>>> print(open('run-v1.json').read())   # JSON, C-alpha atoms
[["chain", "number", "residue", "atom", "x", "y", "z"],
["L", 183, "MET", "CA", 85.13, 111.94, 110.97],
["L", 184, "ASN", "CA", 83.16, 110.22, 113.73],
["L", 185, "SER", "CA", 81.26, 106.96, 113.43],
["L", 186, "GLN", "CA", 77.88, 108.72, 113.39],
["L", 187, "SER", "CA", 78.92, 110.84, 110.41],
["L", 188, "ARG", "CA", 80.25, 107.79, 108.60],
["L", 189, "SER", "CA", 76.99, 105.95, 109.21],
["L", 190, "ALA", "CA", 75.00, 108.87, 107.83],
["L", 191, "ILE", "CA", 77.20, 109.12, 104.75],
["L", 192, "SER", "CA", 77.00, 105.38, 104.19],
["L", 193, "SER", "CA", 73.23, 105.48, 104.44],
["L", 194, "ILE", "CA", 73.01, 108.30, 101.88],
["L", 195, "ASN", "CA", 75.33, 106.51, 99.47],
["L", 196, "ARG", "CA", 73.43, 103.24, 99.73],
["L", 197, "ARG", "CA", 70.14, 105.00, 98.98],
["L", 198, "GLN", "CA", 71.54, 106.95, 96.04],
["L", 199, "TRP", "CA", 73.71, 104.30, 94.44],
["L", 200, "ILE", "CA", 72.44, 100.95, 95.51],
["L", 201, "GLY", "CA", 68.76, 101.72, 96.02],
["L", 202, "GLY", "CA", 68.50, 103.27, 92.58],
["L", 203, "LEU", "CA", 67.18, 106.81, 92.62],
["L", 204, "THR", "CA", 66.03, 108.38, 89.38],
["L", 205, "ALA", "CA", 68.53, 109.13, 86.63],
["L", 206, "THR", "CA", 68.37, 112.83, 87.41],
["L", 207, "ALA", "CA", 69.14, 112.34, 91.09],
["L", 208, "GLY", "CA", 71.96, 109.95, 90.23],
["L", 209, "ALA", "CA", 73.44, 112.45, 87.80],
["L", 210, "LEU", "CA", 73.30, 115.17, 90.46],
["L", 211, "ALA", "CA", 75.10, 112.88, 92.90],
["L", 212, "LEU", "CA", 77.91, 112.64, 90.36],
["L", 213, "GLY", "CA", 77.95, 116.37, 89.75],
["L", 214, "SER", "CA", 77.14, 115.77, 86.08],
["L", 215, "SER", "CA", 74.25, 116.23, 83.70],
["L", 216, "ALA", "CA", 74.95, 112.81, 82.22],
["L", 217, "ALA", "CA", 72.61, 109.91, 82.74],
["L", 218, "ALA", "CA", 73.07, 108.09, 86.03],
["L", 219, "ASP", "CA", 74.24, 104.91, 84.30],
["L", 220, "GLU", "CA", 77.01, 106.68, 82.37],
["L", 221, "PRO", "CA", 80.38, 105.98, 84.03],
["L", 222, "VAL", "CA", 82.51, 108.85, 85.33],
["L", 223, "ALA", "CA", 85.63, 107.45, 83.62],
["L", 224, "THR", "CA", 84.79, 107.64, 79.92],
["L", 225, "LYS", "CA", 88.23, 107.85, 78.25],
["L", 226, "GLN", "CA", 89.53, 104.66, 79.91],
["L", 227, "ARG", "CA", 93.15, 105.25, 78.89],
["L", 228, "ILE", "CA", 94.02, 104.84, 82.57],
["L", 229, "GLN", "CA", 92.66, 101.68, 84.20],
["L", 230, "GLN", "CA", 91.37, 102.70, 87.62],
["L", 231, "SER", "CA", 90.80, 100.70, 90.77],
["L", 232, "LEU", "CA", 89.43, 101.28, 94.28],
["L", 233, "VAL", "CA", 91.56, 100.18, 97.24],
["L", 234, "GLN", "CA", 89.25, 98.28, 99.56],
["L", 235, "TRP", "CA", 90.59, 99.28, 102.98],
["L", 236, "CYS", "CA", 89.97, 102.99, 102.36],
["L", 237, "TYR", "CA", 86.25, 102.64, 101.66],
["L", 238, "ALA", "CA", 85.33, 99.58, 103.75],
["L", 239, "PRO", "CA", 83.95, 101.80, 106.56],
["L", 240, "TYR", "CA", 81.28, 103.05, 104.13],
["L", 241, "TRP", "CA", 80.29, 100.13, 101.89],
["L", 242, "ASP", "CA", 80.40, 96.37, 102.09],
["L", 243, "LEU", "CA", 82.13, 94.61, 99.20],
["L", 244, "ASP", "CA", 79.02, 94.10, 97.09],
["L", 245, "GLU", "CA", 78.11, 97.77, 97.43],
["L", 246, "MET", "CA", 81.69, 98.83, 96.69],
["L", 247, "CYS", "CA", 81.61, 96.73, 93.53],
["L", 248, "GLN", "CA", 78.49, 98.54, 92.38],
["L", 249, "VAL", "CA", 80.09, 101.91, 93.12],
["L", 250, "ALA", "CA", 83.20, 100.88, 91.17],
["L", 251, "LYS", "CA", 81.11, 99.84, 88.18],
["L", 252, "ARG", "CA", 79.16, 103.10, 88.19],
["L", 253, "LEU", "CA", 82.39, 105.08, 88.34],
["L", 254, "GLY", "CA", 83.91, 103.14, 85.45],
["L", 255, "CYS", "CA", 86.57, 101.42, 87.57],
["L", 256, "LYS", "CA", 87.59, 97.88, 86.64],
["L", 257, "SER", "CA", 88.99, 96.64, 89.94],
["L", 258, "ILE", "CA", 88.83, 96.64, 93.70],
["L", 259, "GLU", "CA", 92.27, 95.84, 95.03],
["L", 260, "LEU", "CA", 93.99, 94.45, 98.10],
["L", 261, "VAL", "CA", 90.95, 92.21, 98.52],
["L", 262, "PRO", "CA", 91.73, 88.81, 100.11],
["L", 263, "PRO", "CA", 91.50, 85.84, 97.73],
["L", 264, "GLU", "CA", 88.46, 84.38, 99.45],
["L", 265, "ASP", "CA", 86.50, 87.46, 98.32],
["L", 266, "TRP", "CA", 87.63, 87.44, 94.69],
["L", 267, "PRO", "CA", 84.50, 85.52, 93.59],
["L", 268, "THR", "CA", 82.44, 88.53, 94.69],
["L", 269, "LEU", "CA", 84.49, 90.75, 92.39],
["L", 270, "GLU", "CA", 84.09, 88.28, 89.54],
["L", 271, "LYS", "CA", 80.34, 88.25, 90.08],
["L", 272, "HIS", "CA", 80.31, 91.97, 89.36],
["L", 273, "GLY", "CA", 82.63, 91.72, 86.36],
["L", 274, "LEU", "CA", 85.60, 93.18, 88.25],
["L", 275, "THR", "CA", 89.10, 92.00, 89.03],
["L", 276, "CYS", "CA", 91.52, 92.48, 91.91],
["L", 277, "ALA", "CA", 94.34, 94.53, 90.36],
["L", 278, "ILE", "CA", 96.81, 93.70, 93.11],
["L", 279, "SER", "CA", 96.66, 91.00, 95.78],
["L", 280, "PRO", "CA", 97.64, 91.47, 99.43],
["L", 281, "SER", "CA", 100.52, 89.41, 100.79],
["L", 282, "HIS", "CA", 102.84, 89.77, 103.80],
["L", 283, "LEU", "CA", 102.84, 92.75, 106.18],
["L", 284, "PHE", "CA", 104.83, 95.88, 105.34],
["L", 285, "MET", "CA", 106.53, 95.76, 108.74],
["L", 286, "GLN", "CA", 107.96, 92.27, 108.23],
["L", 287, "GLY", "CA", 109.66, 92.04, 104.88],
["L", 288, "MET", "CA", 112.63, 90.72, 102.97],
["L", 289, "ASN", "CA", 115.19, 93.10, 104.49],
["L", 290, "ASN", "CA", 115.20, 90.92, 107.61],
["L", 291, "PRO", "CA", 116.33, 87.28, 107.16],
["L", 292, "ARG", "CA", 114.17, 86.37, 110.13],
["L", 293, "TYR", "CA", 111.10, 86.85, 107.96],
["L", 294, "HIS", "CA", 112.30, 85.32, 104.69],
["L", 295, "ASP", "CA", 110.67, 81.92, 105.14],
["L", 296, "GLY", "CA", 107.31, 83.37, 106.13],
["L", 297, "CYS", "CA", 107.32, 85.96, 103.33],
["L", 298, "LEU", "CA", 108.35, 83.42, 100.73],
["L", 299, "GLU", "CA", 105.70, 80.94, 101.80],
["L", 300, "LEU", "CA", 102.94, 83.54, 101.63],
["L", 301, "LEU", "CA", 104.18, 85.06, 98.37],
["L", 302, "ARG", "CA", 104.24, 81.63, 96.73],
["L", 303, "LYS", "CA", 100.69, 80.98, 97.92],
["L", 304, "ARG", "CA", 99.48, 84.36, 96.66],
["L", 305, "ILE", "CA", 101.23, 83.89, 93.31],
["L", 306, "ASP", "CA", 99.43, 80.58, 92.87],
["L", 307, "GLN", "CA", 96.08, 82.12, 93.79],
["L", 308, "ALA", "CA", 96.67, 85.11, 91.53],
["L", 309, "ALA", "CA", 97.66, 82.92, 88.59],
["L", 310, "ASP", "CA", 94.55, 80.77, 89.00],
["L", 311, "ALA", "CA", 92.24, 83.80, 89.25],
["L", 312, "GLY", "CA", 93.84, 86.00, 86.59],
["L", 313, "VAL", "CA", 94.99, 88.57, 89.14],
["L", 314, "PRO", "CA", 98.01, 90.29, 87.56],
["L", 315, "THR", "CA", 100.06, 91.45, 90.55],
["L", 316, "VAL", "CA", 100.97, 90.65, 94.16],
["L", 317, "ILE", "CA", 102.17, 93.40, 96.51],
["L", 318, "THR", "CA", 105.37, 93.10, 98.51],
["L", 319, "PHE", "CA", 107.51, 95.22, 100.86],
["L", 320, "THR", "CA", 111.05, 95.70, 102.09],
["L", 321, "GLY", "CA", 109.98, 95.63, 105.74],
["L", 322, "TYR", "CA", 111.04, 97.88, 108.61],
["L", 323, "ALA", "CA", 114.70, 98.53, 109.38],
["L", 324, "GLU", "CA", 114.14, 98.56, 113.12],
["L", 325, "GLU", "CA", 113.05, 95.51, 115.04],
["L", 326, "SER", "CA", 112.02, 95.28, 118.67],
["L", 327, "GLY", "CA", 112.32, 92.07, 120.66],
["L", 328, "ASP", "CA", 114.62, 89.10, 120.45],
["L", 329, "TRP", "CA", 116.48, 88.45, 117.23],
["L", 330, "ALA", "CA", 115.78, 84.94, 116.04],
["L", 331, "GLY", "CA", 117.84, 84.96, 112.89],
["L", 332, "GLY", "CA", 121.23, 84.13, 114.38],
["L", 333, "ASP", "CA", 124.31, 86.30, 114.73],
["L", 334, "ASN", "CA", 124.69, 89.03, 112.16],
["L", 335, "PRO", "CA", 127.68, 91.36, 112.43],
["L", 336, "ASP", "CA", 126.05, 93.89, 110.13],
["L", 337, "LEU", "CA", 123.05, 94.32, 112.42],
["L", 338, "ASP", "CA", 123.47, 97.14, 114.94],
["L", 339, "GLN", "CA", 122.03, 96.75, 118.41],
["L", 340, "LEU", "CA", 120.41, 99.74, 120.08],
["L", 341, "PRO", "CA", 119.44, 100.29, 123.73],
["L", 342, "GLY", "CA", 116.33, 98.47, 124.86],
["L", 343, "ASN", "CA", 116.98, 95.38, 122.72],
["L", 344, "ARG", "CA", 116.06, 97.27, 119.56],
["L", 345, "ARG", "CA", 118.01, 96.51, 116.40],
["L", 346, "VAL", "CA", 118.39, 98.43, 113.15],
["L", 347, "ILE", "CA", 119.36, 96.85, 109.85],
["L", 348, "ASP", "CA", 121.79, 98.99, 107.87],
["L", 349, "PRO", "CA", 120.39, 100.14, 104.48],
["L", 350, "GLU", "CA", 123.06, 98.29, 102.52],
["L", 351, "GLU", "CA", 122.50, 95.12, 104.50],
["L", 352, "GLY", "CA", 118.76, 95.53, 104.05],
["L", 353, "LEU", "CA", 119.24, 95.87, 100.31],
["L", 354, "LYS", "CA", 121.43, 92.77, 100.20],
["L", 355, "ASN", "CA", 118.89, 90.78, 102.23],
["L", 356, "CYS", "CA", 116.01, 91.93, 100.01],
["L", 357, "VAL", "CA", 117.79, 90.99, 96.81],
["L", 358, "ALA", "CA", 118.65, 87.55, 98.18],
["L", 359, "GLY", "CA", 115.09, 86.99, 99.36],
["L", 360, "PHE", "CA", 113.33, 88.18, 96.23],
["L", 361, "LYS", "CA", 115.64, 86.18, 93.97],
["L", 362, "LYS", "CA", 114.30, 83.05, 95.69],
["L", 363, "ILE", "CA", 110.74, 83.79, 94.54],
["L", 364, "VAL", "CA", 110.92, 85.90, 91.39],
["L", 365, "GLY", "CA", 111.60, 82.91, 89.16],
["L", 366, "TYR", "CA", 108.38, 81.35, 90.37],
["L", 367, "ALA", "CA", 106.51, 84.59, 89.62],
["L", 368, "GLU", "CA", 107.98, 84.51, 86.11],
["L", 369, "GLN", "CA", 106.87, 80.90, 85.67],
["L", 370, "LYS", "CA", 103.32, 81.76, 86.79],
["L", 371, "LYS", "CA", 103.26, 85.04, 84.81],
["L", 372, "VAL", "CA", 102.41, 87.10, 87.91],
["L", 373, "ASN", "CA", 104.03, 90.42, 88.80],
["L", 374, "LEU", "CA", 105.52, 91.29, 92.18],
["L", 375, "SER", "CA", 105.20, 94.98, 93.04],
["L", 376, "LEU", "CA", 107.48, 96.55, 95.66],
["L", 377, "GLU", "CA", 105.84, 99.50, 97.37],
["L", 378, "ILE", "CA", 107.67, 102.64, 98.41],
["L", 379, "LEU", "CA", 106.26, 104.05, 101.69],
["L", 380, "ASN", "CA", 107.01, 107.38, 103.32],
["L", 381, "THR", "CA", 108.75, 107.55, 106.70],
["L", 382, "ARG", "CA", 108.14, 111.24, 107.43],
["L", 383, "VAL", "CA", 104.48, 111.25, 108.52],
["L", 384, "ASP", "CA", 104.12, 109.93, 112.06],
["L", 385, "ASP", "CA", 100.65, 111.04, 113.16],
["L", 386, "HIS", "CA", 98.60, 108.19, 111.66],
["L", 387, "PRO", "CA", 99.49, 104.50, 111.11],
["L", 388, "MET", "CA", 98.25, 104.49, 107.51],
["L", 389, "LYS", "CA", 99.50, 107.92, 106.45],
["L", 390, "GLY", "CA", 103.19, 107.28, 107.14],
["L", 391, "HIS", "CA", 105.46, 104.43, 108.18],
["L", 392, "PRO", "CA", 108.50, 105.60, 110.18],
["L", 393, "GLY", "CA", 111.11, 102.86, 110.08],
["L", 394, "TYR", "CA", 110.22, 101.39, 106.69],
["L", 395, "GLN", "CA", 113.40, 100.67, 104.75],
["L", 396, "GLY", "CA", 112.20, 101.19, 101.16],
["L", 397, "ASP", "CA", 111.29, 104.84, 101.59],
["L", 398, "HIS", "CA", 113.04, 106.36, 98.56],
["L", 399, "VAL", "CA", 112.61, 105.77, 94.84],
["L", 400, "ASP", "CA", 116.33, 105.37, 94.20],
["L", 401, "TYR", "CA", 116.67, 102.70, 96.91],
["L", 402, "CYS", "CA", 113.73, 100.68, 95.60],
["L", 403, "MET", "CA", 114.90, 101.05, 92.00],
["L", 404, "GLU", "CA", 118.37, 99.77, 92.90],
["L", 405, "LEU", "CA", 116.76, 96.77, 94.57],
["L", 406, "ILE", "CA", 114.66, 96.14, 91.46],
["L", 407, "ARG", "CA", 117.74, 96.51, 89.25],
["L", 408, "GLN", "CA", 119.68, 93.96, 91.26],
["L", 409, "VAL", "CA", 116.84, 91.43, 91.30],
["L", 410, "GLY", "CA", 116.72, 91.87, 87.54],
["L", 411, "SER", "CA", 113.37, 90.42, 86.51],
["L", 412, "PRO", "CA", 110.61, 91.87, 84.31],
["L", 413, "ARG", "CA", 108.15, 90.40, 86.82],
["L", 414, "PHE", "CA", 109.59, 92.40, 89.74],
["L", 415, "GLY", "CA", 108.70, 96.08, 89.65],
["L", 416, "LEU", "CA", 107.79, 99.21, 91.57],
["L", 417, "LEU", "CA", 104.51, 100.17, 93.17],
["L", 418, "PHE", "CA", 104.80, 103.90, 92.49],
["L", 419, "ASP", "CA", 102.61, 105.38, 95.21],
["L", 420, "ILE", "CA", 102.36, 109.03, 94.17],
["L", 421, "TYR", "CA", 101.42, 110.18, 97.68],
["L", 422, "HIS", "CA", 104.42, 108.50, 99.32],
["L", 423, "VAL", "CA", 106.84, 109.52, 96.55],
["L", 424, "GLN", "CA", 105.73, 113.13, 96.79],
["L", 425, "ILE", "CA", 106.49, 113.19, 100.52],
["L", 426, "MET", "CA", 109.90, 111.54, 100.27],
["L", 427, "ASP", "CA", 111.29, 112.61, 96.90],
["L", 428, "GLY", "CA", 108.93, 114.87, 94.98],
["L", 429, "ASP", "CA", 109.63, 115.60, 91.30],
["L", 430, "ILE", "CA", 106.84, 113.16, 90.43],
["L", 431, "ILE", "CA", 106.65, 113.52, 86.66],
["L", 432, "ARG", "CA", 110.39, 113.27, 86.09],
["L", 433, "ARG", "CA", 110.58, 110.25, 88.41],
["L", 434, "ILE", "CA", 107.80, 108.52, 86.49],
["L", 435, "HIS", "CA", 109.86, 108.91, 83.33],
["L", 436, "GLN", "CA", 113.05, 107.78, 85.07],
["L", 437, "CYS", "CA", 111.41, 104.64, 86.50],
["L", 438, "GLY", "CA", 109.69, 103.87, 83.21],
["L", 439, "GLU", "CA", 108.75, 100.26, 82.65],
["L", 440, "ALA", "CA", 109.81, 99.30, 86.20],
["L", 441, "ILE", "CA", 106.49, 100.78, 87.39],
["L", 442, "ASN", "CA", 103.93, 97.99, 87.50],
["L", 443, "HIS", "CA", 101.32, 99.49, 89.81],
["L", 444, "VAL", "CA", 100.31, 102.99, 90.97],
["L", 445, "HIS", "CA", 98.48, 104.41, 93.99],
["L", 446, "THR", "CA", 97.04, 107.88, 94.58],
["L", 447, "ALA", "CA", 96.14, 110.15, 97.50],
["L", 448, "GLY", "CA", 96.26, 113.85, 98.23],
["L", 449, "ASN", "CA", 99.18, 115.36, 100.13],
["L", 450, "PRO", "CA", 99.30, 116.50, 102.86],
["L", 451, "GLY", "CA", 96.89, 114.32, 104.77],
["L", 452, "ARG", "CA", 96.27, 111.34, 102.45],
["L", 453, "GLY", "CA", 92.86, 112.79, 101.68],
["L", 454, "GLU", "CA", 90.96, 113.44, 98.48],
["L", 455, "LEU", "CA", 92.58, 114.51, 95.21],
["L", 456, "ASP", "CA", 91.10, 117.99, 95.54],
["L", 457, "GLU", "CA", 92.09, 121.66, 95.77],
["L", 458, "ASN", "CA", 93.17, 121.25, 99.41],
["L", 459, "GLN", "CA", 96.28, 119.26, 98.45],
["L", 460, "GLU", "CA", 99.40, 119.90, 96.38],
["L", 461, "ILE", "CA", 99.66, 117.15, 93.76],
["L", 462, "ASN", "CA", 98.47, 117.95, 90.24],
["L", 463, "TYR", "CA", 97.11, 114.56, 89.23],
["L", 464, "PRO", "CA", 96.14, 114.94, 85.55],
["L", 465, "PRO", "CA", 99.75, 115.67, 84.43],
["L", 466, "CYS", "CA", 100.92, 112.71, 86.53],
["L", 467, "MET", "CA", 98.47, 110.46, 84.68],
["L", 468, "LYS", "CA", 99.63, 111.88, 81.36],
["L", 469, "ALA", "CA", 103.22, 111.06, 82.33],
["L", 470, "LEU", "CA", 102.14, 107.46, 82.92],
["L", 471, "LEU", "CA", 100.64, 107.38, 79.45],
["L", 472, "ASP", "CA", 103.85, 108.87, 78.06],
["L", 473, "ILE", "CA", 105.88, 105.91, 79.36],
["L", 474, "GLY", "CA", 103.35, 103.45, 77.97],
["L", 475, "TYR", "CA", 102.00, 102.38, 81.35],
["L", 476, "LYS", "CA", 99.28, 99.73, 80.98],
["L", 477, "GLY", "CA", 98.69, 98.78, 84.63],
["L", 478, "TYR", "CA", 96.20, 99.99, 87.19],
["L", 479, "VAL", "CA", 95.95, 103.20, 89.19],
["L", 480, "GLY", "CA", 94.44, 102.51, 92.61],
["L", 481, "GLN", "CA", 92.54, 105.28, 94.37],
["L", 482, "GLU", "CA", 93.90, 104.97, 97.94],
["L", 483, "PHE", "CA", 92.90, 108.09, 99.81],
["L", 484, "ILE", "CA", 91.28, 108.25, 103.24],
["L", 485, "PRO", "CA", 87.95, 110.08, 102.90],
["L", 486, "THR", "CA", 87.43, 113.27, 104.90],
["L", 487, "ARG", "CA", 83.96, 113.91, 103.46],
["L", 488, "ASP", "CA", 81.37, 112.04, 101.40],
["L", 489, "PRO", "CA", 83.45, 109.16, 99.94],
["L", 490, "LEU", "CA", 81.36, 108.96, 96.78],
["L", 491, "GLU", "CA", 81.88, 112.65, 96.11],
["L", 492, "GLY", "CA", 85.63, 112.32, 96.65],
["L", 493, "LEU", "CA", 85.92, 109.21, 94.49],
["L", 494, "THR", "CA", 83.90, 110.80, 91.70],
["L", 495, "GLN", "CA", 86.28, 113.76, 91.67],
["L", 496, "ALA", "CA", 89.38, 111.54, 91.82],
["L", 497, "VAL", "CA", 88.26, 109.19, 89.06],
["L", 498, "ARG", "CA", 87.37, 112.11, 86.81],
["L", 499, "LEU", "CA", 90.75, 113.79, 87.42],
["L", 500, "CYS", "CA", 92.66, 110.62, 86.55],
["L", 501, "ASP", "CA", 90.61, 109.86, 83.42],
["L", 502, "VAL", "CA", 92.93, 111.76, 81.06]]
>>> encode(input="run-v1.json", output="structure tokens")
Amino acid sequence: MNSQSRSAISSINRRQWIGGLTATAGALALGSSAAADEPVATKQRIQQSLVQWCYAPYWDLDEMCQVAKRLGCKSIELVPPEDWPTLEKHGLTCAISPSHLFMQGMNNPRYHDGCLELLRKRIDQAADAGVPTVITFTGYAEESGDWAGGDNPDLDQLPGNRRVIDPEEGLKNCVAGFKKIVGYAEQKKVNLSLEILNTRVDDHPMKGHPGYQGDHVDYCMELIRQVGSPRFGLLFDIYHVQIMDGDIIRRIHQCGEAINHVHTAGNPGRGELDENQEINYPPCMKALLDIGYKGYVGQEFIPTRDPLEGLTQAVRLCDV
């Protein structure tokens, strides 16, 4: 989608949702005969959230908050702490806070100090603001450039001064790193959520992450098991899990209470949750209810058409 199309879509959405058309026009925009002020998510058994980065090209934060409210969503997530007062103004929360980068994580001792410092800061901010969860990552297995963490016999060196951390060493490093911070998260009553990311898709920097170490459910679950804290859990991104492991419903049941956050998107393409993709979302949401999941489900797809239309469809599908 080019910038001109995005601008046109954004203009339409602002007029319809923010400018306040008549109730009939608003209902038509939602594809429903309901009144315009009736939220799309009416059952509310699944708490839904919008992921800011996906929809920032179309709405500023105030506008996104209004869209979230009209859809019946309770959160806009991965919003930096300095913008949390805007969410509060609209009666929303930030379901999960950003933290360190997914490329530089706990699998590499070089990044431990930086990750721990930022995680501690985010935990403090989250505790003060009532934000329940902070995101975290394993990091990439491959590193380019000089190694600044000292000699490590378990770190293989590749041509061109590129190094790859063995999966077992990466697991060991992650466990050691997260054990240094998880007690603080417990003290502050804030969750840490480790995201699984797919390594298969290589045609877009936000659709796949070749080189990421925590790319399989079993690997991430073993890490979570070894850390051994109720405050350290799994960000079960349905899109990424489908690409790497599949068997979504059974994996939800197997992971159970370790799941403390969920993301959505259609596969292939990380687009809308529509008939052009392969994941059947309502049964996935029902599986979450079956395991007693009480956290948030963040809508994290990259729009390929009118973002309001896509979000309306996604929110309705997940409102089981």
>>> residues_around(input="run-v1.json", residues="Arg252 of chain L", least_positions_apart="4", cutoff="8 Å", atoms="all atoms listed in the file", output="list in words")
Asp219, Glu220, Pro221, Val222 and Gln248 of chain L
>>> closest_residue(input="run-v1.json", among="L:Leu455, L:Met285, L:Pro262, L:Leu405", to="Trp235 of chain L", atoms="all atoms listed in the file")
L:Pro262
>>> residues_near_point(input="run-v1.json", point="(94.1, 88.3, 90.6)", cutoff="7 Å", atoms="only C-alpha atoms", output="ChimeraX atom specification")
/L:275-279,308-309,311-315
>>> residues_around(input="run-v1.json", residues="Pro412 of chain L", least_positions_apart="6", cutoff="10 Å", atoms="all atoms listed in the file", output="JSON, numbers by chain")
{"L": [364, 367, 368, 373, 374, 406, 439, 440, 442]}
>>> closest_residue(input="run-v1.json", among="L:Lys251, L:Lys389, L:Arg304, L:Arg227", to="Lys370 of chain L", atoms="only C-alpha atoms")
L:Arg304
>>> atom_distance(input="run-v1.json", atom1="atom CA of Gly448 of chain L", atom2="atom CA of His391 of chain L")
16.5 Å
>>> atom_distance(input="run-v1.json", atom1="atom CA of Arg413 of chain L", atom2="atom CA of Lys371 of chain L")
7.5 Å
>>> closest_residue(input="run-v1.json", among="L:Trp266, L:Phe414, L:Tyr475, L:Tyr421", to="His435 of chain L", atoms="all atoms listed in the file")
L:Tyr475
>>> closest_residue(input="run-v1.json", among="L:Leu232, L:Cys500, L:Val316, L:Met246", to="Pro464 of chain L", atoms="all atoms listed in the file")
L:Cys500
>>> closest_residue(input="run-v1.json", among="L:Tyr293, L:Tyr401, L:Phe418, L:Tyr394", to="Glu324 of chain L", atoms="only C-alpha atoms")
L:Tyr394
>>> atom_distance(input="run-v1.json", atom1="atom CA of Arg498 of chain L", atom2="atom CA of Thr224 of chain L")
8.6 Å
>>> closest_residue(input="run-v1.json", among="L:Gln424, L:Gln436, L:Asp472, L:His294", to="Gln459 of chain L", atoms="all atoms listed in the file")
L:Gln424
>>> residues_around(input="run-v1.json", residues="segment 352-359 of chain L", least_positions_apart="4", cutoff="7 Å", atoms="all atoms listed in the file", output="JSON, numbers by chain")
{"L": [288, 289, 290, 291, 294, 320, 347, 348, 405, 408, 409]}
>>> residues_around(input="run-v1.json", residues="Ile431 of chain L", least_positions_apart="3", cutoff="8 Å", atoms="all atoms listed in the file", output="list of chain:residue names")
L:Ile434, L:His435, L:Pro465, L:Cys466, L:Ala469
>>> residues_around(input="run-v1.json", residues="segment 425-428 of chain L", least_positions_apart="2", cutoff="9 Å", atoms="all atoms listed in the file", output="ChimeraX atom specification")
/L:379-383,397-399,420-423,430-431,433,449-450
>>> write_last_selection(input="run-v1.json", atoms="C-alpha atoms", output="short mmCIF file (atom, residue, chain, number, x, y, z; two decimals), in the frame of the given file")
data_model
loop_
_atom_site.label_atom_id
_atom_site.label_comp_id
_atom_site.auth_asym_id
_atom_site.auth_seq_id
_atom_site.Cartn_x
_atom_site.Cartn_y
_atom_site.Cartn_z
CA LEU L 379 106.26 104.05 101.69
CA ASN L 380 107.01 107.38 103.32
CA THR L 381 108.75 107.55 106.70
CA ARG L 382 108.14 111.24 107.43
CA VAL L 383 104.48 111.25 108.52
CA ASP L 397 111.29 104.84 101.59
CA HIS L 398 113.04 106.36 98.56
CA VAL L 399 112.61 105.77 94.84
CA ILE L 420 102.36 109.03 94.17
CA TYR L 421 101.42 110.18 97.68
CA HIS L 422 104.42 108.50 99.32
CA VAL L 423 106.84 109.52 96.55
CA ILE L 430 106.84 113.16 90.43
CA ILE L 431 106.65 113.52 86.66
CA ARG L 433 110.58 110.25 88.41
CA ASN L 449 99.18 115.36 100.13
CA PRO L 450 99.30 116.50 102.86
#
